[in-house]
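I have placed the structure first, in the form of structure tokens, so that the comments after it can refer back to it.
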Amino acid sequence: MKVTALLIIGSCLVLESAGKPKFPEQEKDPKFWNAWAQRTLKNALMLQSLNTNQAKNIILFLGDGMGVPTVTAARILKGQLNGQSGEETQLEMDKFPFVSLAKTYNTNAQVPDSAGTATAYLCGVKANEGTVGVSAAAVRSQCNTTKGNEVTSILKWAKDAGKSVGIVTTTRVNHATPSAAYAHSVDRDWYSDNEMPPEALQDGCKDIARQLIENIPNIDVIMGGGRKYMYPKNTSDVEYPGVLKHMGTRKDGRNLVQEWVDRMKDKKGHYVWNKKQLLSLNPNNVDYLLGLFEPADMTYELERNTDTDPSLTEMVEVAIKVLKKNPNGFYLLVEGGRIDHGHHEGKAKQALHEAVEMDRAITRADLMTSIHDTLTVVTADHSHVFNFGGYTARGNTIFGLAPMISDVDQKPFTAILYGNGPGYKLVNGVRENVSTIDYQENNYQAQAAVPLSMETHGGEDVAVFAKGPLAHLLHGVHEQNYIPHVMAYAGCIGQNREHCLTRSAAVSRVGTATFSTVISSIATLFTVTRLLC
């Protein structure tokens, strides 16, 4: 009976792999690989002429939880969604000429969280886990360690330099990643005053939603979720009226959305809460934009209501159209935040589709900007204990089974697995037989080695992809807090401006010399003309 079962399972696996696309016939010819490598070599040689322009525009795409295994799996998924085997596909970030690694640890954590890492890649200093916009001298949840330990972000440096600035996220706009751009909080979970302990309020600490409105009051574009933290407690949500979990949370009675609207009403400011409102805007008539499309995080891309909720790509397109009107350029932070959430829930399909959507947004941004004056960086804050393996065949669906069964428990397994998480499951005391369930369902939780209600982050380095002015400075292996220093240097903002002044002076001298030469030439020509006449 046992042998029969194994034969049936094995036959299923063989049939599954047999239905997958074979590798292209041309790949059998060494000329194919040699020609491809030579083209790549020629492109690499062209990079010897480095782009040393000043970055007028700066864009940071942050894939929350997008470790290298996630990048690889998203690449395969992107190709398979386009009918290819997937492995040979290029993500938009794969086309960036410079790639480096960032070390992600927090000052007090070997495996980091999204708050401490956000402080690193936005504010330029490493920090403790759970804190945003404060140095490592601040202690999580201890309000009295906030004052004097605040650190500012590259978004503020850009705003102070006269650039337009924006934040676009698929999470709450007051979540860990975006909040480090404007807030100084010793606890990432203080979304509104409702989530704060009484002593923190008494000591004068502000919730993150309030800081979004008050700290940098003229952020040009803010888009994402997080509506409920902006409204008084028990205020019914405009999209989900009467649903308790979506009601306002604020205890101070403030309506932060209305305060923003009142402040911006004479400044071409617009507040929107659905896709139709967003896409009906004429960016030429918008200088300030606040878009809050869900009470908390935005929905997963696979579950998004395409009639009411904008995609990340759609939000990025509108944001760039609004921001690029500034002749001084712009800084834009874009977060694909729910990659992380998918992994935490053990839902690899959700996570990878979020990553593919972020890649679409990167493509859209590329079409709207120029590599000559726009520095674009794509990276992650941390990784996850996510991986895929099992000697799968070329073209095997990324969500499919490995082509073998375990030689220990004689059961099949999916290529995608987690080191820990909610996917750990025993049936009658043994590992669940995945061939008996729909392992390609959107919310399938991939099997995990260790049972946890939420899967954890991973501690390995993450990739940093860069293109545009001075992108070559992102090379090798660096601390994560190095990233905003490079971006600021390229954009001549923040503390690194001396080279910009030197360059401007040099250009001025060249211009003066050229003008003098032209005047001298005209004078000589005039003299010769008089003599000849």
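Identifiers in the structure tokens: chain A, B, ... in order shown; residue index from 1 per chain; ligand index from 1 in order shown.
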* Pro484 in chain A: which residues within 10 Å, counting only C-alpha atoms, same-chain residues fewer than 5 positions away excluded, as a list in words? ->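 Residues meeting the cut-off are Leu60, Ala120, Tyr121, Leu122, Cys123, Gly124, Val125, Ser153, Ile154, Leu155, Val377, Tyr489, Ala490 and Gly494 of chain A.
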Selection export as a compact mmCIF listing (two decimals), in the first residue's frame, atoms kept: C-alpha atoms:
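The new file part.txt reads:
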```txt
# COMPACT_ATOMS: atom_id res chain seq x y z
CA LEU A 60 14.20 55.36 -3.29
CA ALA A 120 19.42 53.88 8.84
CA TYR A 121 18.56 54.20 5.14
CA LEU A 122 16.55 57.42 5.58
CA CYS A 123 18.32 59.30 8.37
CA GLY A 124 21.86 58.03 7.84
CA VAL A 125 22.42 56.62 11.34
CA SER A 153 15.85 62.28 7.22
CA ILE A 154 16.88 62.77 3.63
CA LEU A 155 13.28 63.77 2.92
CA VAL A 377 17.93 53.26 -5.75
CA TYR A 489 25.83 63.70 -2.01
CA ALA A 490 24.48 63.04 -5.50
CA GLY A 494 22.26 67.68 3.46
```
* To do: Run DSSP on the backbone and grab whatever in range 144-307 of chain A lands in helix (DSSP H, G or I); send it over as a PyMOL selection string.
  => chain A and resi 144-145+154-160+176-179+193-195+198-202+208-214+227-230+244-246+256-264+275-279+283-285+301-303
* Enumerate, as a PyMOL selection string, the complete set of residues in range 78-196 of chain A that a backbone-based DSSP assignment places in strand (DSSP E or B). => chain A and resi 98-103+106+109+132+134+150+164-172+185
* Asked: Using only C-alpha atoms, which residue out of A:Val356, A:Cys492, A:Leu474, A:Met66 lies closest to Thr89 in chain A?
  ->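 Of A:Val356, A:Cys492, A:Leu474, A:Met66, the one nearest Thr89 in chain A, counting only C-alpha atoms, is A:Val356.
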Tell me, counting only C-alpha atoms, for each residue of range 50-162 of chain A within 10 Å of range 20-34 of chain A, which pair of atoms is nearest and how far apart they are in Å to one decimal, in rows ordered by chain and increasing number, as a Markdown table.
```
| residue | atom | partner | partner_atom | distance |
| --- | --- | --- | --- | --- |
| A:Gly83 | CA | A:Pro21 | CA | 9.1 |
| A:Gln84 | CA | A:Pro21 | CA | 7.7 |
| A:Ser85 | CA | A:Pro21 | CA | 6.3 |
```
* Excluding Asn420 in chain A and any residue of its chain fewer than 3 positions from it, enumerate the residues within 10 Å of it, using only C-alpha atoms, and give them as a ChimeraX atom specification. => /A:344,346,384-386,417,423-424,446-457
Select from range 256-365 of chain A every residue with an atom at most 8 Å from any atom of range 234-246 of chain A, then for each give the shortest pair of atoms and their distance in Å to one decimal, using only C-alpha atoms, rows by chain and rising number, as JSON lines.
```
{"residue": "A:Glu294", "atom": "CA", "partner": "A:Glu239", "partner_atom": "CA", "distance": 8.0}
{"residue": "A:Pro295", "atom": "CA", "partner": "A:His246", "partner_atom": "CA", "distance": 5.6}
{"residue": "A:Ala296", "atom": "CA", "partner": "A:His246", "partner_atom": "CA", "distance": 7.6}
```
* Structure fact -> In terms of only C-alpha atoms, the residue from A:Leu50, A:Ala471, A:Val68, A:Cys143 at minimal distance from Leu201 in chain A is A:Cys143
* **Spatial neighbours of Asn128 in chain A, 10 Å, only C-alpha atoms, chain gap at least 4 places, as a PyMOL selection string** => chain A and resi 105-109+112-113+115-117+119-120+132+134-140+186
Could those selected residues go to a file with N, CA and C atoms, as a PDB file, in the first residue's frame?
```pdb
ATOM      1  N   TYR A 105      21.828  44.928  10.207  1.00  0.00           N
ATOM      2  CA  TYR A 105      21.633  44.816  11.653  1.00  0.00           C
ATOM      3  C   TYR A 105      21.306  46.169  12.295  1.00  0.00           C
ATOM      4  N   ASN A 106      20.484  46.120  13.345  1.00  0.00           N
ATOM      5  CA  ASN A 106      20.236  47.312  14.164  1.00  0.00           C
ATOM      6  C   ASN A 106      21.323  47.410  15.227  1.00  0.00           C
ATOM      7  N   THR A 107      21.410  48.557  15.878  1.00  0.00           N
ATOM      8  CA  THR A 107      22.448  48.725  16.901  1.00  0.00           C
ATOM      9  C   THR A 107      22.309  47.713  18.026  1.00  0.00           C
ATOM     10  N   ASN A 108      21.072  47.281  18.286  1.00  0.00           N
ATOM     11  CA  ASN A 108      20.866  46.322  19.371  1.00  0.00           C
ATOM     12  C   ASN A 108      20.284  44.997  18.895  1.00  0.00           C
ATOM     13  N   ALA A 109      20.339  44.749  17.583  1.00  0.00           N
ATOM     14  CA  ALA A 109      19.731  43.522  17.065  1.00  0.00           C
ATOM     15  C   ALA A 109      20.519  42.973  15.883  1.00  0.00           C
ATOM     16  N   PRO A 112      17.297  42.479  12.219  1.00  0.00           N
ATOM     17  CA  PRO A 112      16.677  43.785  12.473  1.00  0.00           C
ATOM     18  C   PRO A 112      15.168  43.815  12.295  1.00  0.00           C
ATOM     19  N   ASP A 113      14.584  44.953  12.649  1.00  0.00           N
ATOM     20  CA  ASP A 113      13.185  45.229  12.327  1.00  0.00           C
ATOM     21  C   ASP A 113      13.134  46.407  11.364  1.00  0.00           C
ATOM     22  N   ALA A 115      11.826  49.373  11.637  1.00  0.00           N
ATOM     23  CA  ALA A 115      11.937  50.730  12.176  1.00  0.00           C
ATOM     24  C   ALA A 115      13.390  51.163  12.270  1.00  0.00           C
ATOM     25  N   GLY A 116      14.203  50.338  12.927  1.00  0.00           N
ATOM     26  CA  GLY A 116      15.617  50.669  13.044  1.00  0.00           C
ATOM     27  C   GLY A 116      16.305  50.750  11.698  1.00  0.00           C
ATOM     28  N   THR A 117      15.912  49.876  10.774  1.00  0.00           N
ATOM     29  CA  THR A 117      16.520  49.913   9.440  1.00  0.00           C
ATOM     30  C   THR A 117      16.075  51.160   8.675  1.00  0.00           C
ATOM     31  N   THR A 119      15.393  54.050   9.884  1.00  0.00           N
ATOM     32  CA  THR A 119      16.192  55.161  10.405  1.00  0.00           C
ATOM     33  C   THR A 119      17.567  55.165   9.752  1.00  0.00           C
ATOM     34  N   ALA A 120      18.106  53.981   9.481  1.00  0.00           N
ATOM     35  CA  ALA A 120      19.423  53.880   8.844  1.00  0.00           C
ATOM     36  C   ALA A 120      19.395  54.398   7.416  1.00  0.00           C
ATOM     37  N   VAL A 132      12.006  54.975  15.443  1.00  0.00           N
ATOM     38  CA  VAL A 132      12.105  55.662  14.147  1.00  0.00           C
ATOM     39  C   VAL A 132      12.527  57.119  14.345  1.00  0.00           C
ATOM     40  N   VAL A 134      15.142  58.462  15.558  1.00  0.00           N
ATOM     41  CA  VAL A 134      15.928  58.789  16.747  1.00  0.00           C
ATOM     42  C   VAL A 134      17.202  57.952  16.741  1.00  0.00           C
ATOM     43  N   SER A 135      18.232  58.439  17.399  1.00  0.00           N
ATOM     44  CA  SER A 135      19.505  57.725  17.435  1.00  0.00           C
ATOM     45  C   SER A 135      19.447  56.544  18.396  1.00  0.00           C
ATOM     46  N   ALA A 136      20.548  55.802  18.436  1.00  0.00           N
ATOM     47  CA  ALA A 136      20.621  54.628  19.312  1.00  0.00           C
ATOM     48  C   ALA A 136      20.660  54.990  20.791  1.00  0.00           C
ATOM     49  N   ALA A 137      20.766  56.288  21.088  1.00  0.00           N
ATOM     50  CA  ALA A 137      20.713  56.721  22.491  1.00  0.00           C
ATOM     51  C   ALA A 137      19.290  56.665  23.031  1.00  0.00           C
ATOM     52  N   ALA A 138      18.313  56.605  22.129  1.00  0.00           N
ATOM     53  CA  ALA A 138      16.912  56.505  22.552  1.00  0.00           C
ATOM     54  C   ALA A 138      16.577  55.043  22.825  1.00  0.00           C
ATOM     55  N   VAL A 139      15.733  54.816  23.817  1.00  0.00           N
ATOM     56  CA  VAL A 139      15.354  53.462  24.229  1.00  0.00           C
ATOM     57  C   VAL A 139      13.895  53.219  23.861  1.00  0.00           C
ATOM     58  N   ARG A 140      13.616  52.068  23.259  1.00  0.00           N
ATOM     59  CA  ARG A 140      12.261  51.790  22.805  1.00  0.00           C
ATOM     60  C   ARG A 140      11.232  51.915  23.933  1.00  0.00           C
ATOM     61  N   VAL A 186      10.056  56.859  19.806  1.00  0.00           N
ATOM     62  CA  VAL A 186      10.760  55.745  20.430  1.00  0.00           C
ATOM     63  C   VAL A 186       9.952  54.456  20.357  1.00  0.00           C
TER      64      VAL A 186
END
```
Return as a tab-separated table the residues of range 291-356 of chain A lying at most 10 Å from range 205-221 of chain A, together with the closest atom-to-atom pair for each and the distance in Å to one decimal, counting only C-alpha atoms, with rows in chain order and ascending residue number.
```
residue	atom	partner	partner_atom	distance
A:Gly291	CA	A:Val221	CA	8.1
A:Val318	CA	A:Val221	CA	9.3
A:Ala319	CA	A:Val221	CA	6.4
A:Ile320	CA	A:Val221	CA	9.2
A:Val322	CA	A:Val221	CA	7.8
A:Leu323	CA	A:Asp220	CA	7.3
A:Phe330	CA	A:Asp220	CA	9.6
A:Leu332	CA	A:Val221	CA	8.7
```
Kindly export the residues of the current selection with N, CA, C and O atoms, as a JSON list (two decimals), in the first residue's frame.
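Listed below is the output, part.json:
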```json
[["chain", "number", "residue", "atom", "x", "y", "z"],
["A", 291, "GLY", "N", -3.46, 61.22, -0.04],
["A", 291, "GLY", "CA", -4.32, 60.12, -0.45],
["A", 291, "GLY", "C", -4.28, 59.02, 0.58],
["A", 291, "GLY", "O", -3.22, 58.41, 0.80],
["A", 318, "VAL", "N", 1.14, 59.19, -10.46],
["A", 318, "VAL", "CA", 0.56, 60.48, -10.07],
["A", 318, "VAL", "C", 1.55, 61.28, -9.23],
["A", 318, "VAL", "O", 1.71, 62.50, -9.41],
["A", 319, "ALA", "N", 2.23, 60.60, -8.32],
["A", 319, "ALA", "CA", 3.19, 61.30, -7.44],
["A", 319, "ALA", "C", 4.28, 61.99, -8.26],
["A", 319, "ALA", "O", 4.60, 63.16, -8.03],
["A", 320, "ILE", "N", 4.84, 61.28, -9.22],
["A", 320, "ILE", "CA", 5.92, 61.87, -10.03],
["A", 320, "ILE", "C", 5.39, 63.04, -10.87],
["A", 320, "ILE", "O", 6.07, 64.07, -11.01],
["A", 322, "VAL", "N", 3.09, 65.10, -10.08],
["A", 322, "VAL", "CA", 2.93, 66.26, -9.20],
["A", 322, "VAL", "C", 4.30, 66.82, -8.80],
["A", 322, "VAL", "O", 4.55, 68.03, -8.85],
["A", 323, "LEU", "N", 5.21, 65.94, -8.44],
["A", 323, "LEU", "CA", 6.51, 66.37, -7.90],
["A", 323, "LEU", "C", 7.43, 66.97, -8.95],
["A", 323, "LEU", "O", 8.20, 67.89, -8.66],
["A", 330, "PHE", "N", 12.99, 66.70, -7.11],
["A", 330, "PHE", "CA", 12.19, 66.10, -6.04],
["A", 330, "PHE", "C", 12.91, 64.91, -5.40],
["A", 330, "PHE", "O", 13.87, 64.35, -5.96],
["A", 332, "LEU", "N", 11.55, 61.23, -3.68],
["A", 332, "LEU", "CA", 10.37, 60.39, -3.52],
["A", 332, "LEU", "C", 10.76, 59.06, -2.87],
["A", 332, "LEU", "O", 11.65, 58.36, -3.33]]
```
* Using CA of Asn82 in chain A and CA of Ala44 in chain A as the two end points, give the distance in Å to one decimal. =>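 CA of Ala44 in chain A lies at a distance of 27.5 Å from CA of Asn82 in chain A.
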